[in-house]
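Notes to accompany the following structure.
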Amino acid sequence: MIFPARELSVRLALCLALALLAGLIATAPAAAVEDVTTNRLEGPERTATAAEIARAAFPDGTTRAVLATSVEAPDALTASALAGATDAAMLLLQPDRVPGPTADALRDLGVVSVTIVGGPISINEDVATELAEDYDVRRIFGEDQYETAAAVATEALTESNLPVIDGQRTVILASGENFPDALAGSAAAVAGPVPVLYAETDTLTDSTRDFLDAQPVEQVVILGGPVAVAQSVQDELEDRELSVVRLGGGDRVETAAIVAEWTSENFSFQQETVLLARGDDFPDALTAGQLAGRFGRPLVLSATPRILPPVAEQYFADGCETIEVVTAIGGINAVADDILSVAEVAAEQCRIGGGTPVDGQYVATPAELQTETLVVDSIVFSQLGSTTSFDAIMLPCASVTTSSTGTTLALDDEGEVRGYGSTQTSSSLITGINGADVDNVAFTQGVEPEDGELSVEVSAFDDDCAVVMLIPAQDSETIPVDDEGAPTTDFGVSFVTFGSPPDPGRGPDQVYTMEPTEPRVVAPGTATEVVVTGRFDGEDITADLDLVFFPCESSSVLTSDVDRFDDDDRDRGADGFGESDTGNVMATAVNGQAIDPDTVVGNLQLDAEGQIRITLESDAADCATITVIDGNGNGKFDITADGVPIEEYGVTQVRFET
């Protein structure tokens, strides 16, 4: 279905930003709103939050929706302009299903037609088929994110004209390899609507060139500095006699602030209600763009769920004359109560509150780490200056508050740091420094950096939350602080949340149950059997399955399950399709019937017991990851950019060893 074109709508107010640059912010004392209200627009997870945002953006409902994947940023970001052009709600899908919150929102809003942005790898055909039972469905996609962006931009222009900015018909161009810069422009894309195109780091793709040739584009706004989108790309655009505006800084925080300046100059906005979303992940801020665009509510981005950058806090301080409500997008794991409170106080007091961070604080990468229990992960501290010896300490998350005004530590009755060397549940440990083991203690003293950095390895044996803090080595086991708990020495902090690993035997999209549940070791020359026993949900197997071998070395094995596969050629298919480690493993029979000993077997059928029994042999040492998948006909096992399967599958392993 092609919808009729309409004229460019009046550009609604918004400000997508961390904050306005200092030169745009009034510095004179102001009369603040006395009691700023805070609230949240949230769901228990990203698809539910998107559903709540859509309901708020379309209180009277809408007949159209644009749907994109919740796990990959590029396709979802390009969908913003199409949502704006069609007055459509923007909602999220899982690659293999319609989440319950999305299904409920489609029904509640009165949606009649949906547009899926992204191909079958992003959103598989079963999802489209399911949606087609209740809605008119169309899909827009290309072979990659660059073609998809151009196709979506072309479709948006069947609904509205190119927006005229500074007297010129304009599009946005961002890196197709990293999401933050494009995210900074997503609300502008909704409000314009301004089509979003992608470039590779140092060149335009053919699909982007074709779009520019086919459309009456006069101006291109590049989001990001030369590291994200190289000068050679700008040169090519200018050689095409296009005006170019580059909105880029030294990092994504600075870029977002510059994008905010440009946005504020080109879109009017009101400031009674300001939205606050996390800027280190895309779904919440992306779907919040529809609310910002439709109702003219500025959207401010945090650096992480617990860190509000100074420029963002300054935005609230300088908007104190008009800001009445600050709405957090997402739950406390997306926007912590601490930074919501910081924004509230800044808006009420017309200033950044309480204290000044110590100069020369060490940079922790990542500042926020979510990892699994029983998995060793690391935090790298840099910008350590001339200090040669450090203490690395763990503290409970609940005892540490971090904002742009500095880090404050909870103090005990004697004025010393509470919880020194402990964590929230006492389950976490610092296990190593710069790769050297630490003897099973929660803190370590007097460690030396290597090449100006310190890598602190951490692990946990149960769910936990810990703050890893680095300070210059101290004579005593304490942290120097002032009366309010602010450190009086240089420091760096990183919040680490440890969560439970996947259930044994089941990866993220593992559907079919297989035996053995743990890797089996047999001798070469010995026949062994693996069995597809059913489904984890107890339902019957209804599809014919394909049997595929993969090398054991191409997948990561966590206890008894395989849930990640390598993709060195970046074709979104698992490496080694139809192969094993040494190429000796063969499937010689299925359900007792001999077959040609090929390594790939299609159309597996259930036996009388509702199972599939596969006989394997090898005449030499080998290892195979045995995977069954729904047949998709494309000659590969589809996975995300992170190597996570997006098709229904079952998996086990057999190793032939002497």
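Chain labels run A, B, ... following the order of the structure tokens; each chain numbers its residues from 1, and ligands are numbered from 1 in the order shown.
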Can you pull out the residues contacting A:Pro472? Cut-off 10 Å, using only C-alpha atoms, and skip same-chain residues under 6 positions away; I want them as a PyMOL selection string.
chain A and resi 384+387-392+445-447+479+489-491
Output N, CA, C and O atoms for every residue in the selection just made, as a PDB file, in the first residue's frame.
```pdb
ATOM      1  N   LEU A 384      45.605   9.035  33.846  1.00  0.00           N
ATOM      2  CA  LEU A 384      46.053   8.871  35.223  1.00  0.00           C
ATOM      3  C   LEU A 384      47.111   9.879  35.631  1.00  0.00           C
ATOM      4  O   LEU A 384      47.501   9.916  36.806  1.00  0.00           O
ATOM      5  N   THR A 387      50.707  10.082  38.566  1.00  0.00           N
ATOM      6  CA  THR A 387      50.617   9.178  39.712  1.00  0.00           C
ATOM      7  C   THR A 387      51.091   7.781  39.301  1.00  0.00           C
ATOM      8  O   THR A 387      50.775   7.301  38.216  1.00  0.00           O
ATOM      9  N   THR A 388      51.836   7.126  40.173  1.00  0.00           N
ATOM     10  CA  THR A 388      52.445   5.845  39.813  1.00  0.00           C
ATOM     11  C   THR A 388      51.869   4.657  40.565  1.00  0.00           C
ATOM     12  O   THR A 388      52.147   3.514  40.213  1.00  0.00           O
ATOM     13  N   SER A 389      51.085   4.884  41.621  1.00  0.00           N
ATOM     14  CA  SER A 389      50.546   3.770  42.387  1.00  0.00           C
ATOM     15  C   SER A 389      49.117   4.087  42.802  1.00  0.00           C
ATOM     16  O   SER A 389      48.815   5.213  43.209  1.00  0.00           O
ATOM     17  N   PHE A 390      48.234   3.075  42.699  1.00  0.00           N
ATOM     18  CA  PHE A 390      46.809   3.313  42.885  1.00  0.00           C
ATOM     19  C   PHE A 390      46.190   2.246  43.777  1.00  0.00           C
ATOM     20  O   PHE A 390      46.685   1.121  43.878  1.00  0.00           O
ATOM     21  N   ASP A 391      45.097   2.618  44.414  1.00  0.00           N
ATOM     22  CA  ASP A 391      44.229   1.678  45.104  1.00  0.00           C
ATOM     23  C   ASP A 391      42.974   1.476  44.265  1.00  0.00           C
ATOM     24  O   ASP A 391      42.348   2.454  43.832  1.00  0.00           O
ATOM     25  N   ALA A 392      42.602   0.217  44.039  1.00  0.00           N
ATOM     26  CA  ALA A 392      41.354  -0.113  43.364  1.00  0.00           C
ATOM     27  C   ALA A 392      40.416  -0.708  44.401  1.00  0.00           C
ATOM     28  O   ALA A 392      40.771  -1.679  45.074  1.00  0.00           O
ATOM     29  N   GLN A 445      45.626  -2.784  46.864  1.00  0.00           N
ATOM     30  CA  GLN A 445      46.313  -1.517  47.090  1.00  0.00           C
ATOM     31  C   GLN A 445      47.674  -1.498  46.402  1.00  0.00           C
ATOM     32  O   GLN A 445      48.330  -2.532  46.250  1.00  0.00           O
ATOM     33  N   GLY A 446      48.067  -0.300  46.019  1.00  0.00           N
ATOM     34  CA  GLY A 446      49.413  -0.081  45.521  1.00  0.00           C
ATOM     35  C   GLY A 446      49.708  -0.676  44.163  1.00  0.00           C
ATOM     36  O   GLY A 446      50.829  -1.110  43.910  1.00  0.00           O
ATOM     37  N   VAL A 447      48.731  -0.732  43.251  1.00  0.00           N
ATOM     38  CA  VAL A 447      48.969  -1.295  41.928  1.00  0.00           C
ATOM     39  C   VAL A 447      49.508  -0.220  40.993  1.00  0.00           C
ATOM     40  O   VAL A 447      49.222   0.965  41.136  1.00  0.00           O
ATOM     41  N   ILE A 479      39.011   6.252  52.094  1.00  0.00           N
ATOM     42  CA  ILE A 479      39.014   7.197  50.973  1.00  0.00           C
ATOM     43  C   ILE A 479      38.884   8.595  51.548  1.00  0.00           C
ATOM     44  O   ILE A 479      37.958   8.858  52.322  1.00  0.00           O
ATOM     45  N   THR A 489      40.410  13.713  46.574  1.00  0.00           N
ATOM     46  CA  THR A 489      41.554  13.281  45.788  1.00  0.00           C
ATOM     47  C   THR A 489      41.060  12.928  44.392  1.00  0.00           C
ATOM     48  O   THR A 489      39.859  12.744  44.173  1.00  0.00           O
ATOM     49  N   ASP A 490      41.991  12.856  43.445  1.00  0.00           N
ATOM     50  CA  ASP A 490      41.613  12.408  42.110  1.00  0.00           C
ATOM     51  C   ASP A 490      41.017  11.004  42.187  1.00  0.00           C
ATOM     52  O   ASP A 490      41.400  10.189  43.042  1.00  0.00           O
ATOM     53  N   PHE A 491      40.085  10.698  41.283  1.00  0.00           N
ATOM     54  CA  PHE A 491      39.452   9.385  41.330  1.00  0.00           C
ATOM     55  C   PHE A 491      38.759   9.091  40.014  1.00  0.00           C
ATOM     56  O   PHE A 491      38.562   9.975  39.175  1.00  0.00           O
TER      57      PHE A 491
END
```
Could you give me, as a short mmCIF file (atom, residue, chain, number, x, y, z; two decimals) with N, CA, C and O atoms, in the first residue's frame, each residue of stretch 509-640 of chain A that DSSP assigns to strand (DSSP E or B) when run on this structure's backbone?
```
data_model
loop_
_atom_site.label_atom_id
_atom_site.label_comp_id
_atom_site.auth_asym_id
_atom_site.auth_seq_id
_atom_site.Cartn_x
_atom_site.Cartn_y
_atom_site.Cartn_z
N GLN A 510 17.05 -19.84 21.43
CA GLN A 510 17.09 -21.28 21.31
C GLN A 510 15.71 -21.84 21.62
O GLN A 510 15.17 -21.65 22.70
N TYR A 512 14.54 -25.24 20.11
CA TYR A 512 14.47 -26.69 20.05
C TYR A 512 15.41 -27.31 21.08
O TYR A 512 16.56 -26.91 21.23
N THR A 513 14.89 -28.29 21.82
CA THR A 513 15.68 -28.98 22.83
C THR A 513 16.45 -30.13 22.19
O THR A 513 15.92 -30.85 21.34
N MET A 514 17.72 -30.27 22.61
CA MET A 514 18.57 -31.30 22.02
C MET A 514 19.33 -32.03 23.11
O MET A 514 19.64 -31.47 24.17
N GLU A 515 19.64 -33.29 22.84
CA GLU A 515 20.51 -34.07 23.69
C GLU A 515 21.72 -34.48 22.86
O GLU A 515 21.58 -34.79 21.68
N ARG A 520 29.47 -33.58 24.13
CA ARG A 520 29.79 -35.01 24.26
C ARG A 520 31.14 -35.29 23.63
O ARG A 520 31.45 -34.77 22.54
N VAL A 521 31.94 -36.10 24.29
CA VAL A 521 33.25 -36.50 23.77
C VAL A 521 33.21 -37.99 23.46
O VAL A 521 32.87 -38.81 24.32
N VAL A 522 33.51 -38.35 22.20
CA VAL A 522 33.56 -39.75 21.78
C VAL A 522 34.84 -39.97 20.98
O VAL A 522 35.47 -39.02 20.49
N THR A 528 27.94 -42.02 17.19
CA THR A 528 27.21 -41.46 18.32
C THR A 528 25.93 -40.83 17.82
O THR A 528 25.77 -40.61 16.61
N GLU A 529 25.03 -40.54 18.72
CA GLU A 529 23.72 -40.05 18.30
C GLU A 529 23.37 -38.78 19.07
O GLU A 529 23.58 -38.69 20.28
N VAL A 530 22.85 -37.77 18.36
CA VAL A 530 22.26 -36.59 18.99
C VAL A 530 20.78 -36.59 18.63
O VAL A 530 20.39 -37.08 17.57
N VAL A 531 19.96 -36.05 19.54
CA VAL A 531 18.52 -36.16 19.38
C VAL A 531 17.87 -34.79 19.55
O VAL A 531 18.15 -34.08 20.52
N VAL A 532 17.02 -34.42 18.59
CA VAL A 532 16.15 -33.26 18.75
C VAL A 532 14.92 -33.77 19.50
O VAL A 532 14.12 -34.53 18.95
N THR A 533 14.78 -33.36 20.76
CA THR A 533 13.77 -33.97 21.63
C THR A 533 12.46 -33.21 21.67
O THR A 533 11.45 -33.74 22.13
N GLY A 534 12.44 -31.94 21.25
CA GLY A 534 11.20 -31.17 21.30
C GLY A 534 11.48 -29.69 21.31
O GLY A 534 12.47 -29.22 20.74
N ARG A 535 10.59 -28.96 21.98
CA ARG A 535 10.73 -27.53 22.11
C ARG A 535 10.73 -27.16 23.60
O ARG A 535 10.10 -27.82 24.42
N LEU A 545 12.95 -29.19 9.81
CA LEU A 545 14.18 -28.57 10.29
C LEU A 545 15.36 -28.91 9.39
O LEU A 545 15.38 -29.97 8.75
N ASP A 546 16.32 -28.01 9.33
CA ASP A 546 17.58 -28.27 8.65
C ASP A 546 18.66 -28.54 9.68
O ASP A 546 18.70 -27.89 10.74
N LEU A 547 19.54 -29.50 9.39
CA LEU A 547 20.68 -29.80 10.24
C LEU A 547 21.91 -29.13 9.65
O LEU A 547 22.20 -29.29 8.46
N VAL A 548 22.62 -28.38 10.47
CA VAL A 548 23.80 -27.65 10.01
C VAL A 548 24.94 -27.89 10.99
O VAL A 548 24.73 -27.85 12.21
N PHE A 549 26.15 -28.14 10.45
CA PHE A 549 27.34 -28.21 11.29
C PHE A 549 28.03 -26.85 11.28
O PHE A 549 28.04 -26.14 10.27
N PHE A 550 28.64 -26.52 12.42
CA PHE A 550 29.54 -25.37 12.50
C PHE A 550 30.79 -25.80 13.24
O PHE A 550 30.73 -26.67 14.13
N PRO A 551 31.94 -25.20 12.93
CA PRO A 551 33.13 -25.49 13.73
C PRO A 551 32.92 -25.07 15.19
O PRO A 551 32.31 -24.05 15.46
N SER A 555 32.05 -20.65 17.67
CA SER A 555 30.98 -20.30 18.58
C SER A 555 31.50 -20.24 20.00
O SER A 555 32.51 -20.84 20.34
N SER A 556 30.81 -19.46 20.85
CA SER A 556 31.16 -19.34 22.25
C SER A 556 30.23 -20.25 23.05
O SER A 556 29.02 -20.13 22.96
N VAL A 557 30.79 -21.17 23.83
CA VAL A 557 30.00 -22.15 24.57
C VAL A 557 29.91 -21.69 26.02
O VAL A 557 30.92 -21.50 26.69
N LEU A 558 28.68 -21.48 26.51
CA LEU A 558 28.44 -21.11 27.90
C LEU A 558 27.72 -22.28 28.55
O LEU A 558 26.58 -22.57 28.22
N ASP A 561 25.11 -24.44 26.50
CA ASP A 561 24.42 -23.84 25.35
C ASP A 561 25.39 -23.07 24.48
O ASP A 561 26.46 -22.67 24.90
N VAL A 562 25.01 -22.90 23.24
CA VAL A 562 25.76 -22.09 22.30
C VAL A 562 24.85 -20.95 21.87
O VAL A 562 23.78 -21.18 21.34
N ASP A 563 25.23 -19.70 22.15
CA ASP A 563 24.32 -18.62 21.80
C ASP A 563 24.99 -17.49 21.02
O ASP A 563 24.36 -16.49 20.73
N ARG A 564 26.27 -17.66 20.68
CA ARG A 564 26.94 -16.64 19.88
C ARG A 564 27.85 -17.32 18.86
O ARG A 564 28.54 -18.29 19.18
N PHE A 565 27.85 -16.78 17.65
CA PHE A 565 28.64 -17.34 16.58
C PHE A 565 29.48 -16.23 15.94
O PHE A 565 29.07 -15.08 15.88
N GLY A 573 25.74 -13.82 8.83
CA GLY A 573 25.54 -15.26 8.86
C GLY A 573 26.68 -15.90 9.63
O GLY A 573 27.83 -15.44 9.57
N MET A 586 30.59 -36.52 10.02
CA MET A 586 29.56 -36.79 9.02
C MET A 586 28.27 -37.20 9.72
O MET A 586 28.30 -37.87 10.75
N ALA A 587 27.14 -36.81 9.14
CA ALA A 587 25.85 -37.35 9.55
C ALA A 587 25.57 -38.53 8.64
O ALA A 587 25.49 -38.39 7.42
N THR A 588 25.44 -39.72 9.25
CA THR A 588 25.31 -40.94 8.43
C THR A 588 23.91 -41.53 8.45
O THR A 588 23.60 -42.38 7.61
N ALA A 589 23.07 -41.09 9.40
CA ALA A 589 21.70 -41.63 9.44
C ALA A 589 20.80 -40.65 10.17
O ALA A 589 21.25 -39.92 11.07
N VAL A 590 19.51 -40.61 9.76
CA VAL A 590 18.49 -39.83 10.45
C VAL A 590 17.32 -40.76 10.74
O VAL A 590 16.80 -41.43 9.82
N GLN A 593 17.57 -44.26 9.34
CA GLN A 593 17.68 -44.43 7.89
C GLN A 593 19.00 -43.84 7.41
O GLN A 593 19.30 -42.66 7.66
N ALA A 594 19.82 -44.65 6.73
CA ALA A 594 21.11 -44.18 6.24
C ALA A 594 20.93 -43.05 5.23
O ALA A 594 19.98 -43.06 4.44
N VAL A 600 25.46 -31.07 5.68
CA VAL A 600 24.24 -30.29 5.81
C VAL A 600 23.07 -31.16 5.37
O VAL A 600 23.09 -31.73 4.29
N VAL A 601 22.07 -31.32 6.20
CA VAL A 601 20.91 -32.16 5.89
C VAL A 601 19.66 -31.31 6.03
O VAL A 601 19.47 -30.63 7.04
N GLY A 602 18.78 -31.33 5.01
CA GLY A 602 17.58 -30.51 5.05
C GLY A 602 16.32 -31.34 5.26
O GLY A 602 16.31 -32.56 5.07
N ASN A 603 15.26 -30.65 5.66
CA ASN A 603 13.92 -31.23 5.76
C ASN A 603 13.87 -32.45 6.70
O ASN A 603 13.36 -33.51 6.35
N LEU A 604 14.43 -32.28 7.88
CA LEU A 604 14.38 -33.36 8.86
C LEU A 604 12.95 -33.56 9.34
O LEU A 604 12.25 -32.60 9.67
N ILE A 612 13.79 -36.35 16.53
CA ILE A 612 14.66 -36.53 15.36
C ILE A 612 15.99 -37.05 15.88
O ILE A 612 16.66 -36.38 16.68
N ARG A 613 16.40 -38.25 15.43
CA ARG A 613 17.61 -38.90 15.91
C ARG A 613 18.63 -38.88 14.79
O ARG A 613 18.38 -39.37 13.69
N ILE A 614 19.79 -38.30 15.07
CA ILE A 614 20.82 -38.08 14.04
C ILE A 614 22.08 -38.84 14.44
O ILE A 614 22.62 -38.63 15.53
N THR A 615 22.53 -39.73 13.58
CA THR A 615 23.75 -40.51 13.84
C THR A 615 24.95 -39.78 13.24
O THR A 615 24.91 -39.37 12.06
N LEU A 616 26.02 -39.64 14.04
CA LEU A 616 27.23 -38.94 13.63
C LEU A 616 28.42 -39.88 13.71
O LEU A 616 28.52 -40.71 14.63
N GLU A 617 29.34 -39.72 12.76
CA GLU A 617 30.59 -40.48 12.77
C GLU A 617 31.72 -39.58 12.33
O GLU A 617 31.52 -38.58 11.63
N ASP A 622 37.96 -34.39 15.60
CA ASP A 622 37.16 -33.27 15.07
C ASP A 622 36.24 -32.77 16.17
O ASP A 622 36.07 -33.42 17.22
N CYS A 623 35.63 -31.61 15.94
CA CYS A 623 34.62 -31.07 16.84
C CYS A 623 33.59 -30.35 16.00
O CYS A 623 33.94 -29.59 15.08
N ALA A 624 32.32 -30.60 16.30
CA ALA A 624 31.24 -29.98 15.54
C ALA A 624 30.19 -29.44 16.48
O ALA A 624 29.82 -30.09 17.47
N THR A 625 29.72 -28.23 16.19
CA THR A 625 28.52 -27.69 16.81
C THR A 625 27.35 -28.08 15.92
O THR A 625 27.30 -27.69 14.76
N ILE A 626 26.46 -28.90 16.45
CA ILE A 626 25.34 -29.42 15.66
C ILE A 626 24.13 -28.54 15.92
O ILE A 626 23.69 -28.39 17.07
N THR A 627 23.61 -27.92 14.88
CA THR A 627 22.53 -26.94 15.01
C THR A 627 21.37 -27.34 14.10
O THR A 627 21.58 -27.68 12.94
N VAL A 628 20.15 -27.29 14.63
CA VAL A 628 18.96 -27.45 13.80
C VAL A 628 18.23 -26.11 13.76
O VAL A 628 18.12 -25.42 14.76
N ILE A 629 17.80 -25.74 12.57
CA ILE A 629 17.10 -24.46 12.39
C ILE A 629 15.91 -24.66 11.47
O ILE A 629 15.86 -25.62 10.69
N ASP A 630 14.94 -23.75 11.57
CA ASP A 630 13.87 -23.72 10.58
C ASP A 630 14.48 -23.42 9.22
O ASP A 630 15.26 -22.47 9.09
N ASP A 638 21.24 -17.06 10.11
CA ASP A 638 21.22 -15.61 10.30
C ASP A 638 21.48 -15.24 11.75
O ASP A 638 20.90 -15.81 12.68
N ILE A 639 22.37 -14.24 11.95
CA ILE A 639 22.71 -13.77 13.29
C ILE A 639 22.78 -12.25 13.28
O ILE A 639 22.83 -11.61 12.23
#
```
Give me the residues within 10 Å of A:Arg278 as a PyMOL selection string, counting only C-alpha atoms and dropping any in the same chain fewer than 3 places off.
chain A and resi 18+281-285+300-308+328-330+333-336
Output the selection as a CSV table (one decimal), in the first residue's frame - N, CA, C and O atoms for each residue.
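Output file result.csv follows:
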```csv
chain,number,residue,atom,x,y,z
A,18,LEU,N,21.8,17.1,24.5
A,18,LEU,CA,22.3,17.1,25.9
A,18,LEU,C,22.0,18.4,26.5
A,18,LEU,O,21.7,18.5,27.7
A,281,ASP,N,22.3,4.3,24.7
A,281,ASP,CA,21.5,3.2,24.1
A,281,ASP,C,20.4,3.8,23.3
A,281,ASP,O,19.9,4.9,23.6
A,282,PHE,N,20.0,3.2,22.2
A,282,PHE,CA,19.1,3.9,21.2
A,282,PHE,C,17.6,3.9,21.4
A,282,PHE,O,16.9,4.8,21.1
A,283,PRO,N,17.1,2.7,21.9
A,283,PRO,CA,15.6,2.6,21.8
A,283,PRO,C,14.8,3.7,22.5
A,283,PRO,O,13.8,4.2,21.9
A,284,ASP,N,15.1,4.0,23.8
A,284,ASP,CA,14.2,5.0,24.5
A,284,ASP,C,14.3,6.4,23.9
A,284,ASP,O,13.2,7.0,23.6
A,285,ALA,N,15.5,6.9,23.6
A,285,ALA,CA,15.6,8.2,23.0
A,285,ALA,C,15.0,8.2,21.6
A,285,ALA,O,14.4,9.2,21.2
A,300,VAL,N,16.4,15.9,26.3
A,300,VAL,CA,17.7,16.0,26.8
A,300,VAL,C,18.3,14.6,27.0
A,300,VAL,O,17.6,13.7,27.5
A,301,LEU,N,19.5,14.3,26.7
A,301,LEU,CA,20.2,13.0,26.8
A,301,LEU,C,21.2,13.0,27.9
A,301,LEU,O,22.0,13.9,28.0
A,302,SER,N,21.2,11.9,28.7
A,302,SER,CA,22.2,11.7,29.7
A,302,SER,C,23.4,11.0,29.0
A,302,SER,O,23.3,10.6,27.9
A,303,ALA,N,24.5,11.0,29.7
A,303,ALA,CA,25.7,10.2,29.2
A,303,ALA,C,25.5,8.7,29.4
A,303,ALA,O,25.8,7.9,28.5
A,304,THR,N,25.0,8.4,30.6
A,304,THR,CA,24.7,7.0,31.0
A,304,THR,C,23.5,7.0,31.9
A,304,THR,O,23.1,8.1,32.3
A,305,PRO,N,22.9,5.9,32.3
A,305,PRO,CA,21.8,6.0,33.2
A,305,PRO,C,22.1,6.7,34.5
A,305,PRO,O,21.1,7.1,35.2
A,306,ARG,N,23.3,6.8,34.9
A,306,ARG,CA,23.6,7.4,36.2
A,306,ARG,C,24.4,8.7,36.1
A,306,ARG,O,24.8,9.3,37.1
A,307,ILE,N,24.8,9.1,34.9
A,307,ILE,CA,25.6,10.3,34.8
A,307,ILE,C,24.9,11.3,33.9
A,307,ILE,O,24.6,11.1,32.7
A,308,LEU,N,24.6,12.5,34.4
A,308,LEU,CA,24.1,13.6,33.7
A,308,LEU,C,25.2,14.6,33.4
A,308,LEU,O,25.8,15.2,34.3
A,328,ALA,N,11.2,11.5,32.9
A,328,ALA,CA,12.2,10.6,32.5
A,328,ALA,C,11.6,9.5,31.6
A,328,ALA,O,10.5,9.1,31.7
A,329,ILE,N,12.4,9.2,30.6
A,329,ILE,CA,12.0,8.1,29.6
A,329,ILE,C,12.6,6.8,30.0
A,329,ILE,O,13.8,6.7,30.0
A,330,GLY,N,11.8,5.9,30.4
A,330,GLY,CA,12.3,4.6,30.9
A,330,GLY,C,12.3,4.5,32.4
A,330,GLY,O,12.2,5.5,33.1
A,333,ASN,N,16.6,1.9,35.6
A,333,ASN,CA,17.8,1.4,34.9
A,333,ASN,C,18.2,2.1,33.7
A,333,ASN,O,19.3,2.0,33.1
A,334,ALA,N,17.3,3.0,33.2
A,334,ALA,CA,17.5,3.8,32.0
A,334,ALA,C,17.9,5.2,32.4
A,334,ALA,O,18.8,5.8,31.9
A,335,VAL,N,17.1,5.8,33.4
A,335,VAL,CA,17.4,7.1,33.9
A,335,VAL,C,17.3,7.0,35.5
A,335,VAL,O,16.2,6.8,36.0
A,336,ALA,N,18.4,7.0,36.1
A,336,ALA,CA,18.4,6.7,37.6
A,336,ALA,C,17.7,7.9,38.3
A,336,ALA,O,17.7,9.0,37.8
```
Quick one: of A:Pro180, A:Pro163, A:Gly452, A:Gly331, who's nearest to A:Glu45, counting only C-alpha atoms?
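Among the listed residues, A:Gly331 lies closest to A:Glu45.
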Go through A:Glu647, A:Asp126, A:Asp239, A:Asp104 and flag the residue nearest A:Arg572, using only C-alpha atoms for the distances.
A:Glu647
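Comparing the minimum interatomic distances between A:Ser399 and each of A:Gly421, A:Ala347, A:Ala50, A:Val467, counting only C-alpha atoms, we find that A:Val467 sits nearest.
Using only C-alpha atoms, the nearest neighbour of A:Arg297 within the list A:Ala191, A:Glu130, A:Glu372, A:Asp206 is A:Ala191.
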Which residues are near A:Leu395? Cut-off 9 Å, only C-alpha atoms, ignore same chain within fewer than 3 positions. Put them as a ChimeraX atom specification.
/A:398-400,418-424,465-469
Let me make sure I understand: among A:Ala57, A:Leu340, A:Ala364, A:Val98, which one has the smallest atom-to-atom distance to A:Ala292 if we use only C-alpha atoms?
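Nearest to A:Ala292: A:Ala57.
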Which residues are near stretch 134-138 of chain A? Cut-off 6 Å, only C-alpha atoms, ignore same chain within fewer than 6 positions. Put them as a list in words.
Val112, Ser113, Val114 and Thr115 of chain A
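Among the candidates A:Asp181, A:Asp571, A:Glu579, A:Glu484, the one nearest to A:Val259 when counting only C-alpha atoms is A:Asp181.
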Could you please determine the separation between atom CA of A:Thr102 and atom CA of A:Asp509 in Å, to one decimal place?
18.9 Å
Can you tell me which residues surround A:Ala73 at a distance of at most 12 Å, considering only C-alpha atoms, apart from same-chain residues fewer than 6 positions away, and format the answer as a PDB file with C-alpha atoms, in the first residue's frame?
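As a result, around.pdb now contains:
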```
ATOM      1  CA  ALA A  79      12.461   5.040  10.435  1.00  0.00           C
ATOM      2  CA  SER A  80      12.147   8.365  12.284  1.00  0.00           C
ATOM      3  CA  LEU A  92       9.566  -1.856  18.355  1.00  0.00           C
ATOM      4  CA  VAL A 117      11.561  -1.031   8.356  1.00  0.00           C
ATOM      5  CA  GLY A 118      14.278  -3.614   7.780  1.00  0.00           C
ATOM      6  CA  SER A 122      16.225  -7.739  11.063  1.00  0.00           C
ATOM      7  CA  GLN A 145      21.624  -0.237   6.284  1.00  0.00           C
ATOM      8  CA  ALA A 149      18.061   4.302   4.688  1.00  0.00           C
ATOM      9  CA  SER A 175      27.614   7.351  10.030  1.00  0.00           C
ATOM     10  CA  GLY A 176      26.050   4.013   9.188  1.00  0.00           C
ATOM     11  CA  GLU A 177      28.522   2.254  11.473  1.00  0.00           C
ATOM     12  CA  ASN A 178      27.747   3.851  14.863  1.00  0.00           C
ATOM     13  CA  PHE A 179      24.376   4.952  16.239  1.00  0.00           C
ATOM     14  CA  PRO A 180      25.057   7.917  18.611  1.00  0.00           C
ATOM     15  CA  ASP A 181      25.383  10.688  16.006  1.00  0.00           C
ATOM     16  CA  ALA A 182      22.298   9.568  14.107  1.00  0.00           C
ATOM     17  CA  LEU A 183      20.418   9.282  17.394  1.00  0.00           C
ATOM     18  CA  SER A 186      16.309  11.440  15.270  1.00  0.00           C
ATOM     19  CA  ASP A 280      24.198   5.480  25.537  1.00  0.00           C
ATOM     20  CA  ASP A 281      21.544   3.188  24.059  1.00  0.00           C
ATOM     21  CA  PHE A 282      19.148   3.939  21.222  1.00  0.00           C
ATOM     22  CA  PRO A 283      15.586   2.611  21.813  1.00  0.00           C
ATOM     23  CA  ASP A 284      14.235   4.982  24.496  1.00  0.00           C
ATOM     24  CA  ALA A 285      15.600   8.194  22.986  1.00  0.00           C
ATOM     25  CA  LEU A 286      14.641   7.075  19.491  1.00  0.00           C
ATOM     26  CA  THR A 287      10.999   6.365  20.268  1.00  0.00           C
ATOM     27  CA  THR A 640      22.910 -10.203  14.588  1.00  0.00           C
ATOM     28  CA  ALA A 641      26.002  -8.006  14.392  1.00  0.00           C
TER      29      ALA A 641
END
```
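Relative to atom CA of A:Asp607, atom CA of A:Ala527 is found at 19.6 Å.
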